[in-house]
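So this one's upload-v7.txt, compact mmCIF, C-alpha atoms:
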```txt
# COMPACT_ATOMS: atom_id res chain seq x y z
CA MET A 1 3.63 25.79 -3.65
CA ARG A 2 5.20 25.14 -0.27
CA TYR A 3 6.53 21.85 1.10
CA ILE A 4 6.84 21.52 4.86
CA ARG A 5 7.86 18.69 7.15
CA PRO A 6 6.54 19.48 10.65
CA LEU A 7 7.88 17.59 13.66
CA SER A 8 4.66 17.59 15.70
CA ILE A 9 1.03 16.78 14.94
CA GLU A 10 0.02 20.14 16.46
CA ASP A 11 2.23 22.01 13.97
CA ALA A 12 0.87 19.95 11.08
CA VAL A 13 -2.72 20.60 12.14
CA GLY A 14 -1.96 24.31 12.62
CA GLU A 15 -0.45 24.68 9.15
CA LEU A 16 -3.36 22.83 7.52
CA ALA A 17 -5.94 24.83 9.48
CA LYS A 18 -4.51 28.20 8.45
CA ALA A 19 -3.79 27.21 4.82
CA VAL A 20 -5.55 29.60 2.46
CA GLY A 21 -5.44 27.59 -0.78
CA PRO A 22 -5.72 23.84 -1.38
CA ALA A 23 -3.53 21.82 0.98
CA ALA A 24 -2.56 18.17 0.88
CA ILE A 25 -1.20 15.71 3.42
CA LEU A 26 1.75 13.63 2.19
CA ALA A 27 2.60 10.25 3.69
CA GLY A 28 3.42 7.69 0.97
CA GLY A 29 2.36 9.91 -1.91
CA SER A 30 1.25 6.97 -4.08
CA ASP A 31 -2.15 8.61 -4.62
CA LEU A 32 -1.24 12.28 -4.06
CA LEU A 33 1.62 12.50 -6.58
CA VAL A 34 -0.41 10.70 -9.24
CA ARG A 35 -3.30 13.11 -8.67
CA MET A 36 -0.96 16.10 -8.84
CA LYS A 37 0.57 14.88 -12.10
CA GLY A 38 -2.85 14.28 -13.57
CA GLY A 39 -3.87 17.84 -12.70
CA PHE A 40 -6.68 16.64 -10.43
CA ILE A 41 -5.24 18.57 -7.49
CA GLU A 42 -2.90 21.55 -7.37
CA PRO A 43 -2.00 22.00 -3.72
CA GLU A 44 -0.45 25.24 -2.56
CA LEU A 45 0.77 23.50 0.57
CA ILE A 46 2.09 19.97 1.02
CA VAL A 47 2.41 18.77 4.62
CA ASP A 48 4.76 15.79 4.83
CA ILE A 49 3.77 13.96 8.04
CA LYS A 50 6.57 11.37 8.06
CA ALA A 51 8.84 13.24 10.49
CA ILE A 52 6.13 13.55 13.17
CA GLY A 53 7.06 11.46 16.21
CA GLY A 54 5.23 8.13 16.42
CA LEU A 55 3.55 8.35 13.02
CA ALA A 56 6.05 5.97 11.45
CA ASP A 57 5.66 3.29 14.14
CA ILE A 58 3.47 0.28 14.85
CA THR A 59 2.98 0.05 18.62
CA GLU A 60 1.51 -2.88 20.51
CA THR A 61 -0.48 -1.59 23.48
CA ALA A 62 -2.60 -3.20 26.19
CA ASP A 63 -5.65 -2.51 23.98
CA GLY A 64 -4.19 -3.79 20.72
CA PHE A 65 -2.22 -2.18 17.92
CA ARG A 66 -1.65 1.44 16.97
CA ILE A 67 -0.52 1.82 13.37
CA GLY A 68 0.90 5.29 12.69
CA ALA A 69 -0.42 7.12 9.64
CA ALA A 70 2.98 7.11 7.94
CA VAL A 71 3.74 3.37 8.26
CA PRO A 72 4.22 1.88 4.78
CA CYS A 73 2.17 -1.24 4.04
CA ALA A 74 5.38 -3.26 3.53
CA VAL A 75 6.15 -2.71 7.23
CA LEU A 76 2.75 -4.16 8.20
CA GLY A 77 3.69 -7.35 6.37
CA GLU A 78 6.99 -7.53 8.27
CA ASN A 79 5.35 -7.18 11.71
CA LYS A 80 4.88 -10.75 12.96
CA ALA A 81 2.65 -9.91 15.91
CA LEU A 82 0.30 -7.82 13.76
CA LYS A 83 0.22 -10.46 11.04
CA GLN A 84 -0.64 -13.13 13.56
CA ALA A 85 -3.39 -11.08 15.21
CA TRP A 86 -4.91 -9.53 12.08
CA PRO A 87 -3.89 -11.61 9.03
CA GLY A 88 -6.83 -10.33 6.97
CA VAL A 89 -5.92 -6.69 7.50
CA VAL A 90 -2.29 -7.36 6.64
CA GLU A 91 -3.07 -9.42 3.52
CA ALA A 92 -5.40 -6.67 2.31
CA ALA A 93 -2.78 -3.96 2.92
CA ASN A 94 -0.15 -6.02 1.12
CA LEU A 95 -2.34 -6.39 -1.99
CA ILE A 96 -2.05 -2.68 -2.79
CA GLY A 97 0.18 -2.09 -5.81
CA SER A 98 3.68 -3.43 -6.38
CA LYS A 99 6.69 -3.90 -4.08
CA GLN A 100 7.64 -0.34 -5.03
CA VAL A 101 4.22 1.00 -4.01
CA GLN A 102 4.24 -1.15 -0.85
CA GLY A 103 7.38 0.67 0.26
CA ARG A 104 5.42 3.93 0.33
CA CYS A 105 1.65 3.43 0.53
CA THR A 106 -0.16 3.51 3.89
CA ILE A 107 -3.50 2.17 5.15
CA THR A 108 -4.39 5.65 6.41
CA GLY A 109 -3.77 7.03 2.92
CA ASN A 110 -5.80 4.20 1.43
CA LEU A 111 -8.65 5.15 3.77
CA CYS A 112 -8.41 8.90 3.11
CA ASN A 113 -8.14 8.49 -0.66
CA ALA A 114 -11.71 7.21 -0.22
CA SER A 115 -11.83 4.90 -3.21
CA PRO A 116 -14.70 2.40 -2.93
CA ALA A 117 -12.22 -0.19 -4.26
CA ALA A 118 -9.52 0.49 -1.63
CA ASP A 119 -8.14 -2.93 -0.64
CA SER A 120 -7.31 -2.31 3.00
CA VAL A 121 -10.57 -0.59 3.90
CA PRO A 122 -13.05 -3.53 3.84
CA ALA A 123 -10.59 -5.48 6.00
CA LEU A 124 -10.29 -2.54 8.42
CA VAL A 125 -14.06 -2.04 8.55
CA ALA A 126 -14.60 -5.76 9.19
CA ALA A 127 -11.92 -5.59 11.88
CA GLY A 128 -13.78 -2.76 13.64
CA ALA A 129 -10.70 -0.55 13.31
CA LYS A 130 -10.77 3.02 14.62
CA ALA A 131 -9.11 6.15 13.28
CA VAL A 132 -7.51 8.68 15.62
CA VAL A 133 -8.24 12.11 14.17
CA ALA A 134 -6.18 15.12 15.28
CA GLY A 135 -7.64 18.53 14.51
CA PRO A 136 -7.74 22.18 15.57
CA SER A 137 -10.14 21.37 18.44
CA GLY A 138 -8.25 18.33 19.73
CA LYS A 139 -8.40 14.61 19.10
CA ARG A 140 -11.28 12.24 18.51
CA THR A 141 -11.48 8.55 17.71
CA ILE A 142 -13.97 7.40 15.09
CA ALA A 143 -14.86 4.16 13.32
CA VAL A 144 -12.96 3.84 10.01
CA GLU A 145 -16.25 3.43 8.12
CA ALA A 146 -17.15 6.99 9.21
CA VAL A 147 -14.19 8.42 7.23
CA PRO A 148 -15.11 7.93 3.54
CA THR A 149 -18.39 9.58 2.50
CA GLY A 150 -18.20 8.95 -1.25
CA PRO A 151 -15.62 8.38 -3.99
CA GLY A 152 -12.69 10.70 -3.14
CA ARG A 153 -14.58 12.41 -0.29
CA THR A 154 -14.11 12.09 3.47
CA SER A 155 -15.78 13.39 6.61
CA LEU A 156 -12.53 15.02 7.76
CA ALA A 157 -12.80 18.78 8.36
CA LYS A 158 -10.23 21.40 7.39
CA GLY A 159 -7.10 20.99 9.48
CA GLU A 160 -7.86 17.41 10.49
CA ILE A 161 -5.33 14.60 10.08
CA ILE A 162 -5.73 10.90 10.84
CA GLU A 163 -2.65 10.19 12.94
CA ALA A 164 -3.16 6.47 13.55
CA ILE A 165 -5.36 3.45 12.97
CA LEU A 166 -6.26 1.36 16.03
CA LEU A 167 -6.92 -2.38 15.99
CA ASP A 168 -8.23 -4.20 19.05
CA LYS A 169 -6.32 -6.83 20.95
CA ARG A 170 -7.50 -10.25 19.79
CA PRO A 171 -9.36 -12.65 22.06
CA ASP A 172 -8.85 -16.42 21.66
CA HIS A 173 -10.62 -18.02 18.69
CA ALA A 174 -10.59 -14.98 16.40
CA GLY A 175 -9.80 -14.70 12.69
CA ASP A 176 -10.18 -12.35 9.76
CA ALA A 177 -9.70 -12.56 6.00
CA TYR A 178 -9.89 -10.38 2.89
CA LEU A 179 -10.40 -11.45 -0.71
CA ARG A 180 -10.76 -9.47 -3.91
CA PHE A 181 -11.54 -10.36 -7.49
CA ILE A 182 -9.16 -9.05 -10.17
CA PRO A 183 -8.70 -10.35 -13.71
CA ARG A 184 -4.91 -10.51 -13.27
CA THR A 185 -2.85 -12.19 -10.55
CA GLU A 186 -1.43 -8.99 -9.01
CA MET A 187 -1.05 -5.23 -9.53
CA ASP A 188 -4.72 -4.49 -10.14
CA ILE A 189 -7.69 -2.71 -8.59
CA ALA A 190 -10.47 -4.75 -6.98
CA VAL A 191 -13.50 -5.33 -9.20
CA VAL A 192 -15.27 -6.36 -6.02
CA SER A 193 -13.96 -7.50 -2.62
CA ALA A 194 -14.97 -8.77 0.82
CA GLY A 195 -13.53 -8.65 4.32
CA VAL A 196 -14.79 -10.84 7.16
CA ASN A 197 -13.85 -10.82 10.84
CA LEU A 198 -15.08 -13.48 13.29
CA THR A 199 -14.74 -14.53 16.89
CA LEU A 200 -15.87 -17.97 18.06
CA ASP A 201 -17.04 -19.36 21.38
CA ASP A 202 -15.35 -22.35 23.03
CA LYS A 203 -17.53 -24.76 21.07
CA GLY A 204 -16.61 -23.27 17.69
CA ALA A 205 -19.86 -21.38 17.11
CA ILE A 206 -19.55 -17.84 15.77
CA LYS A 207 -19.90 -15.32 18.58
CA THR A 208 -19.33 -12.02 16.75
CA ALA A 209 -19.05 -11.29 13.03
CA ARG A 210 -18.48 -8.29 10.80
CA VAL A 211 -18.67 -8.38 7.03
CA ALA A 212 -17.61 -5.54 4.69
CA LEU A 213 -17.71 -5.25 0.90
CA GLY A 214 -15.46 -3.20 -1.37
CA ALA A 215 -16.16 -1.78 -4.86
CA ALA A 216 -19.83 -2.63 -4.32
CA ALA A 217 -21.17 0.87 -3.51
CA PRO A 218 -19.94 4.51 -3.43
CA THR A 219 -18.16 3.72 -0.15
CA VAL A 220 -16.95 0.49 1.40
CA LEU A 221 -20.06 -1.16 2.87
CA LEU A 222 -20.42 -2.58 6.35
CA VAL A 223 -23.15 -5.21 5.89
CA GLU A 224 -24.49 -5.61 9.41
CA GLU A 225 -27.17 -8.10 8.42
CA ALA A 226 -24.48 -10.36 6.93
CA GLY A 227 -22.63 -10.37 10.24
CA GLN A 228 -25.87 -11.11 12.12
CA VAL A 229 -26.71 -14.16 10.01
CA LEU A 230 -23.37 -15.78 10.88
CA ILE A 231 -23.78 -15.48 14.64
CA GLY A 232 -24.49 -18.76 16.39
CA SER A 233 -23.57 -20.83 13.34
CA LYS A 234 -20.60 -23.06 12.58
CA LEU A 235 -20.65 -21.82 9.01
CA ASP A 236 -22.78 -24.63 7.62
CA GLU A 237 -23.79 -24.63 3.96
CA ALA A 238 -27.23 -23.07 4.57
CA THR A 239 -25.67 -20.19 6.53
CA LEU A 240 -23.10 -19.59 3.80
CA GLN A 241 -25.87 -19.41 1.23
CA ARG A 242 -27.80 -16.90 3.31
CA LEU A 243 -24.58 -14.88 3.71
CA ALA A 244 -24.06 -14.76 -0.06
CA LYS A 245 -27.66 -13.75 -0.67
CA ILE A 246 -27.51 -10.92 1.86
CA CYS A 247 -24.18 -9.63 0.50
CA SER A 248 -25.36 -9.74 -3.11
CA GLY A 249 -28.52 -7.92 -2.06
CA ALA A 250 -26.62 -5.25 -0.13
CA CYS A 251 -24.49 -4.26 -3.16
CA ARG A 252 -25.20 -1.03 -4.98
CA PRO A 253 -22.45 -1.35 -7.58
CA ILE A 254 -21.81 0.48 -10.83
CA ASP A 255 -21.43 -0.95 -14.32
CA ASP A 256 -18.01 -0.17 -15.72
CA LYS A 257 -15.26 -1.65 -17.87
CA ARG A 258 -13.97 -3.67 -14.94
CA GLY A 259 -17.25 -5.37 -14.09
CA THR A 260 -20.99 -5.28 -14.58
CA ILE A 261 -23.55 -4.77 -11.82
CA GLU A 262 -24.70 -8.37 -12.18
CA PHE A 263 -21.15 -9.72 -11.99
CA ARG A 264 -20.25 -7.61 -8.95
CA ARG A 265 -23.41 -8.67 -7.09
CA LYS A 266 -22.77 -12.35 -7.73
CA VAL A 267 -19.05 -12.25 -6.92
CA ALA A 268 -19.57 -10.17 -3.75
CA GLY A 269 -21.57 -13.07 -2.33
CA VAL A 270 -19.02 -15.67 -3.40
CA LEU A 271 -16.09 -13.71 -1.97
CA ALA A 272 -17.93 -13.15 1.32
CA GLN A 273 -18.46 -16.91 1.61
CA ARG A 274 -14.83 -17.68 0.88
CA ALA A 275 -13.48 -14.94 3.17
CA ALA A 276 -15.80 -16.17 5.95
CA THR A 277 -14.53 -19.72 5.46
CA THR A 278 -10.90 -18.60 5.71
CA ALA A 279 -11.61 -16.37 8.72
CA TYR A 280 -13.40 -19.27 10.42
CA LYS A 281 -10.43 -21.60 9.91
CA ARG A 282 -8.04 -18.93 11.14
CA ALA A 283 -10.19 -18.58 14.25
CA GLY A 284 -9.70 -22.30 14.89
CA GLY A 285 -13.15 -23.39 13.70
CA LYS A 286 -13.52 -26.77 12.05
CA MET B 287 7.89 28.84 -6.03
CA ALA B 288 10.68 28.91 -3.50
CA GLY B 289 13.29 26.19 -3.88
CA VAL B 290 13.83 23.55 -1.22
CA ALA B 291 17.42 22.92 -0.09
CA VAL B 292 18.07 19.21 0.36
CA SER B 293 21.04 17.36 1.89
CA THR B 294 21.00 13.66 1.17
CA THR B 295 23.20 10.66 0.47
CA ILE B 296 23.18 9.09 -2.98
CA ASN B 297 25.15 5.88 -3.58
CA GLY B 298 27.21 6.64 -0.47
CA ASP B 299 28.11 10.20 -1.47
CA ALA B 300 26.84 13.28 0.36
CA VAL B 301 24.85 15.34 -2.14
CA GLU B 302 23.17 18.73 -1.82
CA TYR B 303 20.69 20.22 -4.24
CA LEU B 304 17.96 22.79 -4.61
CA CYS B 305 14.67 21.60 -6.06
CA GLN B 306 11.13 22.81 -6.54
CA PRO B 307 8.59 21.59 -3.93
CA ASP B 308 6.61 19.64 -6.52
CA GLU B 309 9.64 18.18 -8.29
CA THR B 310 9.97 14.39 -8.10
CA LEU B 311 13.09 12.60 -6.93
CA LEU B 312 13.25 11.09 -10.43
CA ASP B 313 13.43 14.53 -12.03
CA VAL B 314 16.06 15.62 -9.50
CA LEU B 315 18.19 12.54 -10.22
CA ARG B 316 17.93 12.89 -13.98
CA ASP B 317 17.78 16.63 -14.61
CA ARG B 318 19.73 18.14 -11.72
CA LEU B 319 22.25 15.45 -10.82
CA GLY B 320 22.84 13.83 -14.23
CA LEU B 321 21.98 10.37 -12.90
CA THR B 322 19.97 9.24 -15.92
CA GLY B 323 19.92 5.51 -15.14
CA ALA B 324 16.45 5.66 -13.58
CA LYS B 325 13.95 6.12 -16.41
CA GLU B 326 10.52 7.70 -16.60
CA GLY B 327 8.13 5.20 -18.13
CA CYS B 328 4.64 5.98 -16.85
CA GLY B 329 5.30 8.61 -14.18
CA THR B 330 2.48 7.14 -12.09
CA GLY B 331 4.12 4.24 -10.25
CA ASP B 332 2.90 1.49 -12.53
CA CYS B 333 5.97 0.50 -14.59
CA GLY B 334 8.90 0.49 -12.15
CA ALA B 335 11.42 1.94 -14.64
CA CYS B 336 12.30 4.66 -12.11
CA SER B 337 12.93 2.21 -9.22
CA VAL B 338 15.45 3.29 -6.58
CA ILE B 339 16.03 2.26 -2.97
CA VAL B 340 15.42 4.84 -0.24
CA ASP B 341 16.51 3.88 3.30
CA GLY B 342 16.41 0.22 2.33
CA ARG B 343 12.94 0.38 0.72
CA LEU B 344 12.33 -0.19 -2.96
CA VAL B 345 10.27 2.73 -4.30
CA CYS B 346 9.29 4.41 -7.55
CA SER B 347 11.29 7.66 -7.65
CA CYS B 348 8.50 9.22 -9.76
CA LEU B 349 6.25 8.97 -6.68
CA VAL B 350 8.75 10.53 -4.25
CA LEU B 351 9.33 14.27 -4.02
CA GLY B 352 12.92 15.44 -4.28
CA ALA B 353 12.33 17.34 -1.04
CA GLU B 354 11.55 14.08 0.76
CA ALA B 355 15.12 12.78 0.25
CA GLU B 356 16.39 15.12 3.00
CA GLY B 357 18.52 13.07 5.40
CA ARG B 358 17.80 9.81 3.57
CA LYS B 359 20.05 7.27 1.87
CA VAL B 360 19.24 6.83 -1.82
CA GLU B 361 20.62 3.98 -3.93
CA THR B 362 20.37 4.14 -7.72
CA ILE B 363 21.53 1.93 -10.59
CA GLU B 364 24.66 4.10 -10.89
CA GLY B 365 25.86 2.69 -7.57
CA MET B 366 25.31 -0.96 -8.46
CA ALA B 367 28.63 -1.80 -10.15
CA HIS B 368 31.90 -1.33 -8.28
CA GLY B 369 34.07 0.49 -10.82
CA ASP B 370 34.48 -1.93 -13.73
CA GLN B 371 33.19 -4.85 -11.68
CA LEU B 372 29.57 -5.48 -12.57
CA HIS B 373 27.11 -6.66 -9.93
CA PRO B 374 26.27 -10.37 -10.47
CA LEU B 375 22.76 -9.36 -11.55
CA GLN B 376 24.15 -7.00 -14.20
CA GLN B 377 26.52 -9.74 -15.41
CA LYS B 378 23.73 -12.33 -15.61
CA PHE B 379 21.35 -9.93 -17.39
CA LEU B 380 24.06 -9.61 -20.07
CA GLU B 381 24.76 -13.36 -20.26
CA HIS B 382 21.07 -14.27 -20.49
CA ALA B 383 20.29 -11.42 -22.90
CA ALA B 384 17.62 -10.34 -20.40
CA LEU B 385 17.03 -7.05 -22.16
CA GLN B 386 16.27 -5.72 -25.58
CA CYS B 387 15.68 -1.97 -25.68
CA GLY B 388 17.01 -1.54 -22.14
CA ILE B 389 14.61 1.12 -20.86
CA CYS B 390 13.21 -1.11 -18.11
CA THR B 391 16.57 -2.68 -17.23
CA PRO B 392 17.84 -0.30 -14.52
CA GLY B 393 14.52 -0.63 -12.71
CA PHE B 394 14.56 -4.42 -13.00
CA LEU B 395 18.13 -4.57 -11.71
CA ILE B 396 17.36 -2.39 -8.69
CA ALA B 397 14.16 -4.31 -7.93
CA ALA B 398 15.96 -7.66 -8.34
CA LYS B 399 18.79 -6.48 -6.06
CA ASP B 400 16.23 -5.53 -3.40
CA LEU B 401 14.46 -8.88 -3.87
CA LEU B 402 17.66 -10.94 -3.45
CA GLU B 403 18.79 -8.93 -0.44
CA LYS B 404 15.51 -9.76 1.31
CA ASN B 405 15.15 -13.28 -0.07
CA PRO B 406 18.44 -14.80 -1.31
CA SER B 407 16.77 -18.03 -2.58
CA PRO B 408 13.50 -17.00 -4.20
CA THR B 409 11.35 -19.48 -6.10
CA GLU B 410 10.41 -18.64 -9.67
CA GLU B 411 6.97 -17.61 -8.42
CA GLU B 412 8.50 -15.33 -5.79
CA ILE B 413 10.69 -13.72 -8.46
CA ARG B 414 7.70 -13.17 -10.74
CA PHE B 415 5.59 -11.68 -7.95
CA GLY B 416 8.53 -9.70 -6.59
CA LEU B 417 9.16 -8.12 -10.00
CA ALA B 418 5.47 -7.58 -10.84
CA GLY B 419 5.95 -3.84 -10.36
CA ASN B 420 8.41 -3.71 -13.25
CA LEU B 421 7.05 -3.81 -16.76
CA CYS B 422 9.01 -4.87 -19.84
CA ARG B 423 7.46 -4.74 -23.31
CA CYS B 424 10.26 -6.63 -25.12
CA THR B 425 11.68 -9.72 -23.41
CA GLY B 426 8.55 -11.52 -22.26
CA TYR B 427 10.10 -11.77 -18.75
CA ASP B 428 11.45 -15.35 -19.02
CA LYS B 429 15.02 -14.28 -19.67
CA ILE B 430 14.82 -11.79 -16.83
CA VAL B 431 13.60 -14.49 -14.43
CA ARG B 432 16.37 -16.88 -15.55
CA ALA B 433 18.99 -14.16 -15.09
CA VAL B 434 17.77 -13.43 -11.56
CA GLN B 435 17.77 -17.15 -10.69
CA ASP B 436 21.30 -17.53 -12.03
CA ALA B 437 22.50 -14.42 -10.20
CA ALA B 438 20.94 -15.71 -6.97
CA ASN B 439 22.95 -18.93 -7.32
CA VAL B 440 26.18 -17.01 -7.96
CA MET B 441 25.56 -14.67 -5.03
CA LYS B 442 24.84 -17.56 -2.66
CA GLY B 443 28.11 -19.20 -3.69
CA ALA B 444 30.09 -15.98 -3.24
```

Have the structure of the file written as structure tokens, please.
Amino acid sequence: MRYIRPLSIEDAVGELAKAVGPAAILAGGSDLLVRMKGGFIEPELIVDIKAIGGLADITETADGFRIGAAVPCAVLGENKALKQAWPGVVEAANLIGSKQVQGRCTITGNLCNASPAADSVPALVAAGAKAVVAGPSGKRTIAVEAVPTGPGRTSLAKGEIIEAILLDKRPDHAGDAYLRFIPRTEMDIAVVSAGVNLTLDDKGAIKTARVALGAAAPTVLLVEEAGQVLIGSKLDEATLQRLAKICSGACRPIDDKRGTIEFRRKVAGVLAQRAATTAYKRAGGK
Amino acid sequence: MAGVAVSTTINGDAVEYLCQPDETLLDVLRDRLGLTGAKEGCGTGDCGACSVIVDGRLVCSCLVLGAEAEGRKVETIEGMAHGDQLHPLQQKFLEHAALQCGICTPGFLIAAKDLLEKNPSPTEEEIRFGLAGNLCRCTGYDKIVRAVQDAANVMKGA
């Protein structure tokens, strides 16, 4: 096995592209090292991306925020501007693991680990976040929901690295929220979860809406119909009930020790309602 | 596998070592450097017994590669007391009997030190959430929480 710490994204991409055996990208390592210890992956090459310029920074640009792939989730929680603009994304990122894990884990890693129960991913999908992918043939920007293709699988090709996650600049009257169900109070994996992102018009009616569910299907689900049903409303009771029904219907969950299909369907709807209510309040709706 | 040469700072001292590319910082500390305060409980980042601080961030050393410590500043439990002078947290853990078997204690002390440095007056809830990444199977946590509260009061007065 080889461990390298390239200083440029081009070098990192080049090393990954020419790697003969299994290769792994290391940022926080909170998934990778566990998988290595469990014998699920035996990389011949580990590419530590933390020394690459810009990857450890959160930058506020004219278009919004650029969150480097090596920024630990704890740093997201300490960034006041990001927290104010995207409280749902930050609260989701800060739910991953313990303080110790927060000091290492990244939202890009959470996305690329491709767990359907990843906490930050429904919030990012609801937020309409984009991933900047660097690869042997250059860079491309894709929607985050295009990254995971199934449990533990992504659409990234050999040699490709996500170098940053992009979040749009917020207009007035915008809010997002993320909620998950776990049987404990912290340090657990979502049984089911929901992220909601809203913008309102000047009268408080919902102008745009995105709803995403976690642990409800093989990948995090963007439920477009759920977003559509919210548009034009002020989140009255009838709309909330339709939202829950659509979300429960969109679920394709599994039965496992953490939750049954029936339970996940029901709770997905409830969490979507509650996350929508919080997002609406955060957007200034009454 | 070729060894990786690492230059780092541990508890203020410059340290150099050779390690394997897949060797964890925890294994380097314990097996190469003789710093056996950090313990391996789960080895998967769930129990916090291996907690150390790297560049001001609390982390599980079982989830950090030894090679990653290059150029960093690592703080371990061995650097917590100044000679014979215990850190207030260590003193209060003793006074409150906040340990039984002691395996989790170094991790709790490091995590509590990090907590109080970032939040000198935590509420009980903040202490319990802040230490949720450290598992203890003996004390039931109450004595640990009381010790941290008491140490916070002492440190604020100091």

Give as a ChimeraX atom specification every residue, naming chains and numbers as the document does, that has an atom within 8 Å of (10.2, 3.9, -9.0), counting all atoms listed in the file. /A:100 /B:312,324,331,333-338,344-349,393

Could you tell me, as JSON, numbers by chain, which residues have any atom at most 10 Å from (-1.6, 12.5, 10.3), counting all atoms listed in the file? {"A": [8, 9, 10, 12, 13, 25, 26, 27, 47, 48, 49, 50, 52, 55, 68, 69, 70, 108, 109, 132, 133, 134, 135, 160, 161, 162, 163, 164]}

Can you tell me which residues surround range 361-377 of chain B at a distance of at most 8 Å, considering all atoms listed in the file, apart from same-chain residues fewer than 5 positions away, and format the answer as a count of residues only? 21

Dump as a Markdown table the rows for residues of chain A within 7 Å of chain B: closest atom pair and distance in Å with one decimal, all atoms listed in the file counted, ordered by chain and rising residue number.
```
| residue | atom | partner | partner_atom | distance |
| --- | --- | --- | --- | --- |
| A:Met1 | CA | B:Met287 | CA | 5.8 |
| A:Arg2 | CA | B:Pro307 | CA | 6.1 |
| A:Tyr3 | CA | B:Pro307 | CA | 5.4 |
| A:Gly29 | CA | B:Leu349 | CA | 6.2 |
| A:Ser30 | CA | B:Leu349 | CA | 6.0 |
| A:Leu33 | CA | B:Leu349 | CA | 5.8 |
| A:Val34 | CA | B:Thr330 | CA | 5.4 |
| A:Ser98 | CA | B:Gly419 | CA | 4.6 |
| A:Lys99 | CA | B:Gly419 | CA | 6.3 |
| A:Gln100 | CA | B:Val345 | CA | 4.1 |
| A:Val101 | CA | B:Val345 | CA | 6.3 |
| A:Gly103 | CA | B:Arg343 | CA | 5.6 |
| A:Arg104 | CA | B:Val345 | CA | 6.8 |
```

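Note that the spacing between CA of Gln241 in chain A and CA of Val125 in chain A amounts to 22.2 Å.
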
Skip Leu95 in chain A itself and residues of its chain fewer than 4 positions away, then list as an NGL selection string all residues within 8 Å of it, counting only C-alpha atoms. :A and (91 or 119 or 186-187)

Write a file of the just-selected residues containing C-alpha atoms, as a JSON list (two decimals), keeping the file's coordinate frame.
```
[["chain", "number", "residue", "atom", "x", "y", "z"],
["A", 91, "GLU", "CA", -3.07, -9.42, 3.52],
["A", 119, "ASP", "CA", -8.14, -2.93, -0.64],
["A", 186, "GLU", "CA", -1.43, -8.99, -9.01],
["A", 187, "MET", "CA", -1.05, -5.23, -9.53]]
```

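Between Ile96 in chain A and the candidates A:Cys247, A:Ile254, A:Cys73, A:Leu82, the tightest atom-to-atom separation, counting only C-alpha atoms, involves A:Cys73.
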